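Engineer: Sharing a structure below in structure tokens format, with a few things to ask.
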Amino acid sequence: MKILNFLLLFLSLIIVAPTNVVPSGGDTHESLVASGQEPVTLRIGINATDLETLDPHLAASFSDRMLADMVFNGLLRYKPGHAPNFEPDLAEEIPEPFIVDGRQIWTFKLKRGIFFHAGPNTQSYEFTAADVVYSLNKAADPKRSAYAGEYTGMSDEKIDDYTCNIIMDPPLSPTLFFPKVADYAGGFIVSSRALQAKGDTIFNDHPVGTGPFRFASHKLMRAVLLTANRDYFRALPELDQVRINFFPDPVDLYTAFSQGELDLIRSGAEIDLQGIMPVDAKVDVFGVPEVALIHFNASVKPLDDLRIRQAIAYALDRDQFLARFPAETVGNVYAPIPDRFLSGGLSPEEVKALGLDYPTDLTKSRKLLAAAGYPQGFSLDVVATELSHVRKNYETLQQQLAKVGIQINLQVVDHSSMHRRIRQNQSAIVIYEAWRPNTDVFLSRFFHSDSIVLYGKNPDTNFSHYRQIDKLILLARNEMNPIRQEKLWEYAQVKLLEEMIVYPLHFRNKTYIRRGYVDYGHPLVASMALYPQITEKTRILKSSNYSQSKR
């Protein structure tokens with residue numbers, strides 16, 4: 001069988017149907033169950049060894065976020081398929097804040113009759129304000145949450161079972177506040193009773209939420225099974241089960257899909273593989289885009305020298321990185337936060353006008369290396385993930401820097417180990433793809449000193465150990481005038497580029513491939529959950545060429 005570059009072929013040949021259009025004549029799970037057939041199961045395949053955590057407040061990888069999105073809810077939610085638009089989730093409505101003694105108060109009225117899933121040590125029970133208070137306090141605890149730094153200045157109080165206040169001191173604009181209480185990162189609401197009964201260890205084997213799907217089982221390095229929450233407050237889910245299958249080898253992932261063993265897969269966007277895909281395969285390319293940035297650890301030699309960091313920047317060629325991905329899914333970026341994605345970002349034109357785009361110039365790179373005392377170059381130890389779409393960025397970096405005498409010693413490990421080791425300060429350079437809900441969160445988590453890996457007050461993803469824009473971040477966060485706020489964010493990024501703390505690389509949209517009988521139940525434009533989002537409305541439509549084989 002002839003080797004094909006799958007995604008390039010499909011993106012050029014397949015016309016993607018609107019994802020909310022349902023083919024006629026399909027049967028939903030209710031008719032299938034009534035006729036005595038097997039439960040309707042959506043079989044998802046992802047290129048991963050396993051989940052890294054079942055705790056939504058620690059979830060960082062795409063696989064962990066996928067699970068959290070199906071099992072948990074927030075007070076608000078990003079409208080499925082339409083991020084960054086908000087709508088009420090567990091709350092009855094989106095409140096308006098008021099000010100008392102300089103403090104901003106958001107009063108949330110909670111929906112009634114919402115029940116947590118039963119857990120290994122708890123029965124199903126009704127969600128109340130006590131769970132909101134417990135969850136937000138957990139999210140703010142650096143020992144229990146990866147997002148604690150985002151909850152500084154927040155306090156909360158239960159008014160009654162269906163009312164709670166969230167107090168911000170100092171006040172925040174809605175743009176900065178809403179993500180903190182939405183179905184993302186620390187905003188997920190967890191079961192206080194389940195955690196009090198078993199402690200955080202419950203997330204080792206059985207997360208308990210209020211979402212459309214309940215956790216059922218986890219077979220290590222094989223699959224996670226979720227079952228429909230028959231008491232879900234929005235509606236009875238159309239699917240009976242969702243099974244997330246792990247494929248460490250991406251070729252195996254594509255093979256399983258081509259052989260009809262999977263219904264939906266996450267595409268690595270550049271894999272060569274054997275086989276012919278099903279004729280009804282549809283490629284979905286959607287946002288929110290993840291922005292790839294190259295972070296330099298400025299606390300280690302020789303990267304503590306600005307000339308070295310600039311020399312590396314001039315040795316790089318963005319277009320060569322970009323060439324390894326299908327053109328339909330990626331694009332160059334020149335600022336840590338591109339203005340096309342978030343307010344307070346910088347445009348390519350603005351960066352180039354400031355002379356901070358660092359165009360490829362090997363001669364200038366070598367001169368800077370010599371001036372810094374490294375005319376023959378040097379070597380750096382760098383930890384990389386085995387995931388192909390990220391690993392290729394490291395391989396391109398290695399190839400390009402070799403031209404100026406910089407040797408990159410790549411240590412390729414599984415994705416979970418990579419996340420652990422870069423947070424233990426074991427990599428001189430980190431290439432990290434990420435999206436954050438607003439500019440404040442982006443700058444705070446990657447460049448505020450509190451977020452410095454290992455040593456920060458709330459260790460997170462400040463891989464560069466940078467401390468010089470803390471005041472700008474705080475000034476912008478507390479600024480209620482949106483124009484002045486955006487200018488402060490822009491200036492903070494100018495500082496980052498002047499000191500070449502981070503090299504902006506490219507953005508990459510999500511790519512998933514589904515069988516034609518999979519209907520997400522919503523149009524797919526952008527998803528904060530980093531996957532197409534499986535909700536109570538997602539369904540599988542029976543057709544003559546559809547059959548489910550077990551893996």
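Letters A, B, ... go to the chains of the structure tokens in the order shown; residues in each chain start at 1; ligands are counted from 1 in the same order.
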Need the shell around Asp460 (chain A): protein/DNA/RNA residues with any atom at most 12 Å away, counting only C-alpha atoms. Skip same-chain ones fewer than 5 positions apart. Format as a CSV table (one decimal) with N, CA and C atoms, in the first residue's frame?
Structural biologist:
```
chain,number,residue,atom,x,y,z
A,58,LEU,N,-6.2,20.3,37.9
A,58,LEU,CA,-4.8,20.0,37.6
A,58,LEU,C,-4.7,19.7,36.1
A,60,ALA,N,-4.1,19.9,32.3
A,60,ALA,CA,-3.4,20.8,31.4
A,60,ALA,C,-3.3,20.2,30.0
A,142,PRO,N,-2.6,26.3,46.1
A,142,PRO,CA,-1.5,25.9,45.3
A,142,PRO,C,-1.2,24.4,45.5
A,143,LYS,N,-1.5,23.8,46.6
A,143,LYS,CA,-1.2,22.4,46.9
A,143,LYS,C,-2.2,21.5,46.2
A,145,SER,N,-4.2,22.7,43.2
A,145,SER,CA,-4.6,23.2,42.0
A,145,SER,C,-3.4,23.8,41.2
A,146,ALA,N,-3.5,23.6,39.9
A,146,ALA,CA,-2.4,24.1,39.0
A,146,ALA,C,-2.8,25.6,38.7
A,147,TYR,N,-3.9,26.1,39.1
A,147,TYR,CA,-4.4,27.4,38.6
A,147,TYR,C,-4.6,28.3,39.8
A,148,ALA,N,-3.9,28.0,41.0
A,148,ALA,CA,-4.2,28.8,42.2
A,148,ALA,C,-3.8,30.3,42.0
A,149,GLY,N,-2.8,30.6,41.2
A,149,GLY,CA,-2.4,32.0,41.0
A,149,GLY,C,-3.5,32.8,40.4
A,150,GLU,N,-4.5,32.2,39.7
A,150,GLU,CA,-5.5,33.0,39.0
A,150,GLU,C,-6.6,33.4,40.0
A,419,HIS,N,5.8,16.9,30.7
A,419,HIS,CA,5.1,18.0,31.5
A,419,HIS,C,5.7,18.0,32.9
A,420,ARG,N,6.0,16.9,33.5
A,420,ARG,CA,6.6,16.9,34.9
A,420,ARG,C,8.0,17.4,34.9
A,422,ILE,N,9.6,19.5,32.7
A,422,ILE,CA,9.8,20.9,32.4
A,422,ILE,C,9.3,21.8,33.6
A,423,ARG,N,8.4,21.2,34.4
A,423,ARG,CA,8.0,21.9,35.6
A,423,ARG,C,9.0,21.7,36.8
A,424,GLN,N,9.9,20.8,36.6
A,424,GLN,CA,11.0,20.6,37.6
A,424,GLN,C,12.3,21.3,37.1
A,425,ASN,N,12.1,22.2,36.1
A,425,ASN,CA,13.3,23.0,35.7
A,425,ASN,C,14.4,22.2,35.1
A,441,VAL,N,-4.4,36.2,31.9
A,441,VAL,CA,-4.1,34.9,32.3
A,441,VAL,C,-2.8,34.4,31.6
A,442,PHE,N,-2.7,34.7,30.3
A,442,PHE,CA,-1.6,34.3,29.5
A,442,PHE,C,-0.3,34.9,30.1
A,443,LEU,N,-0.3,36.2,30.3
A,443,LEU,CA,0.9,36.8,30.8
A,443,LEU,C,1.3,36.4,32.2
A,444,SER,N,0.2,36.2,33.1
A,444,SER,CA,0.4,35.9,34.5
A,444,SER,C,1.0,34.5,34.6
A,445,ARG,N,0.5,33.5,33.8
A,445,ARG,CA,0.9,32.2,34.0
A,445,ARG,C,2.3,31.9,33.4
A,446,PHE,N,2.6,32.6,32.3
A,446,PHE,CA,3.9,32.4,31.7
A,446,PHE,C,5.0,33.3,32.1
A,447,PHE,N,4.7,34.5,32.6
A,447,PHE,CA,5.7,35.5,32.8
A,447,PHE,C,5.7,36.3,34.1
A,448,HIS,N,4.8,36.0,35.0
A,448,HIS,CA,4.8,36.6,36.3
A,448,HIS,C,5.7,35.8,37.2
A,449,SER,N,6.4,36.4,38.1
A,449,SER,CA,7.4,35.7,39.0
A,449,SER,C,6.7,34.7,39.9
A,450,ASP,N,5.4,34.9,40.2
A,450,ASP,CA,4.7,33.9,41.1
A,450,ASP,C,4.6,32.6,40.4
A,451,SER,N,4.6,32.6,39.0
A,451,SER,CA,4.4,31.4,38.2
A,451,SER,C,5.7,30.7,37.8
A,452,ILE,N,6.8,31.1,38.3
A,452,ILE,CA,8.1,30.5,38.0
A,452,ILE,C,8.1,29.0,38.4
A,453,VAL,N,8.4,28.1,37.5
A,453,VAL,CA,8.4,26.7,37.8
A,453,VAL,C,9.3,26.4,39.0
A,454,LEU,N,8.9,25.6,39.8
A,454,LEU,CA,9.6,25.0,41.0
A,454,LEU,C,9.8,26.0,42.1
A,455,TYR,N,10.1,27.3,41.8
A,455,TYR,CA,10.4,28.3,42.8
A,455,TYR,C,9.4,29.4,43.0
A,465,HIS,N,11.8,32.0,34.0
A,465,HIS,CA,12.2,32.6,35.3
A,465,HIS,C,12.3,34.1,35.2
```
Engineer: Do a neighbour search on Asp89 (chain A) at 8 Å with only C-alpha atoms, toss out local chain neighbours closer than 6 positions, and write the hits as a list in words.
Structural biologist: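 The neighbour list is Asn73, Gly74, Leu75, Leu76 and Arg77 of chain A.
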Engineer: List as a CSV table (one decimal) with N, CA and C atoms, in the first residue's frame the protein and nucleic acid residues near region 509-511 of chain A, meaning an atom at most 8 Å away when only C-alpha atoms are counted, but skip any in the same chain fewer than 2 places from it.
Structural biologist:
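Listing of part_14.csv after writing:
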```
chain,number,residue,atom,x,y,z
A,266,ARG,N,-8.2,12.5,17.2
A,266,ARG,CA,-7.5,13.7,17.2
A,266,ARG,C,-6.3,13.5,16.2
A,267,SER,N,-6.1,14.4,15.2
A,267,SER,CA,-5.1,14.3,14.3
A,267,SER,C,-3.8,15.1,14.7
A,268,GLY,N,-2.7,14.4,14.5
A,268,GLY,CA,-1.4,15.1,14.8
A,268,GLY,C,-1.0,16.0,13.7
A,269,ALA,N,-1.7,16.1,12.6
A,269,ALA,CA,-1.6,17.1,11.5
A,269,ALA,C,-0.4,16.9,10.6
A,283,VAL,N,-12.9,16.1,8.0
A,283,VAL,CA,-11.8,16.7,8.7
A,283,VAL,C,-12.4,18.0,9.3
A,284,ASP,N,-12.3,18.2,10.6
A,284,ASP,CA,-12.7,19.4,11.2
A,284,ASP,C,-11.5,20.2,11.7
A,285,VAL,N,-11.3,21.4,11.2
A,285,VAL,CA,-10.2,22.3,11.6
A,285,VAL,C,-10.9,23.5,12.3
A,286,PHE,N,-10.5,23.7,13.6
A,286,PHE,CA,-11.2,24.7,14.4
A,286,PHE,C,-10.3,25.3,15.4
A,287,GLY,N,-10.8,26.4,16.0
A,287,GLY,CA,-10.0,27.1,17.1
A,287,GLY,C,-10.6,26.6,18.5
A,288,VAL,N,-10.1,27.1,19.6
A,288,VAL,CA,-9.2,28.2,19.6
A,288,VAL,C,-7.8,27.7,19.3
A,289,PRO,N,-7.0,28.5,18.6
A,289,PRO,CA,-5.7,28.1,18.2
A,289,PRO,C,-4.7,28.1,19.4
A,290,GLU,N,-3.9,27.1,19.4
A,290,GLU,CA,-2.8,27.1,20.4
A,290,GLU,C,-1.6,27.8,19.8
A,329,THR,N,-3.9,24.7,8.6
A,329,THR,CA,-4.0,24.6,10.1
A,329,THR,C,-3.1,25.5,10.9
A,330,VAL,N,-2.2,26.2,10.3
A,330,VAL,CA,-1.2,27.0,11.0
A,330,VAL,C,-0.9,28.3,10.4
A,507,PHE,N,0.8,29.7,15.4
A,507,PHE,CA,-0.4,29.2,16.0
A,507,PHE,C,-0.8,27.9,15.2
A,513,ILE,N,-10.8,14.3,13.1
A,513,ILE,CA,-11.3,13.6,12.0
A,513,ILE,C,-12.4,12.7,12.5
A,530,LEU,N,-10.3,22.3,23.9
A,530,LEU,CA,-9.3,21.7,23.0
A,530,LEU,C,-9.7,20.4,22.3
A,531,TYR,N,-11.0,20.2,22.2
A,531,TYR,CA,-11.5,19.1,21.3
A,531,TYR,C,-12.9,19.5,20.9
```
Engineer: Can you tell me how far CA of Tyr503 (chain A) sits from CA of Ile429 (chain A), in Å to one decimal?
Structural biologist: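 Interatomic distance here is 10.6 Å.
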Engineer: Which residues of region 183-233 of chain A have any atom within 7 Å of an atom in region 49-55 of chain A when counting only C-alpha atoms, and what is the closest pair of atoms for each, with the distance in Å to one decimal? Order the rows by chain and rising number and write it as a Markdown table.
Structural biologist:
```
| residue | atom | partner | partner_atom | distance |
| --- | --- | --- | --- | --- |
| A:Phe203 | CA | A:Leu54 | CA | 5.1 |
| A:Asn204 | CA | A:Leu54 | CA | 6.4 |
| A:Pro207 | CA | A:Leu54 | CA | 6.2 |
| A:Leu220 | CA | A:Asp50 | CA | 6.7 |
| A:Met221 | CA | A:Asp50 | CA | 4.8 |
```
Engineer: Per DSSP on the backbone, what are the strand (DSSP E) residues of region 264-473 of chain A, as a PyMOL selection string?
Structural biologist: chain A and resi 264-266+272-273+282-296+330-332+378-385+406-413+429-434
Engineer: Nearest to Tyr334 (chain A) among A:Asp319, A:Glu499, A:Glu536, A:Asp357, with distances taken over only C-alpha atoms: which residue is it?
Structural biologist: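 Distance minimum relative to Tyr334 (chain A) lands on A:Asp357.
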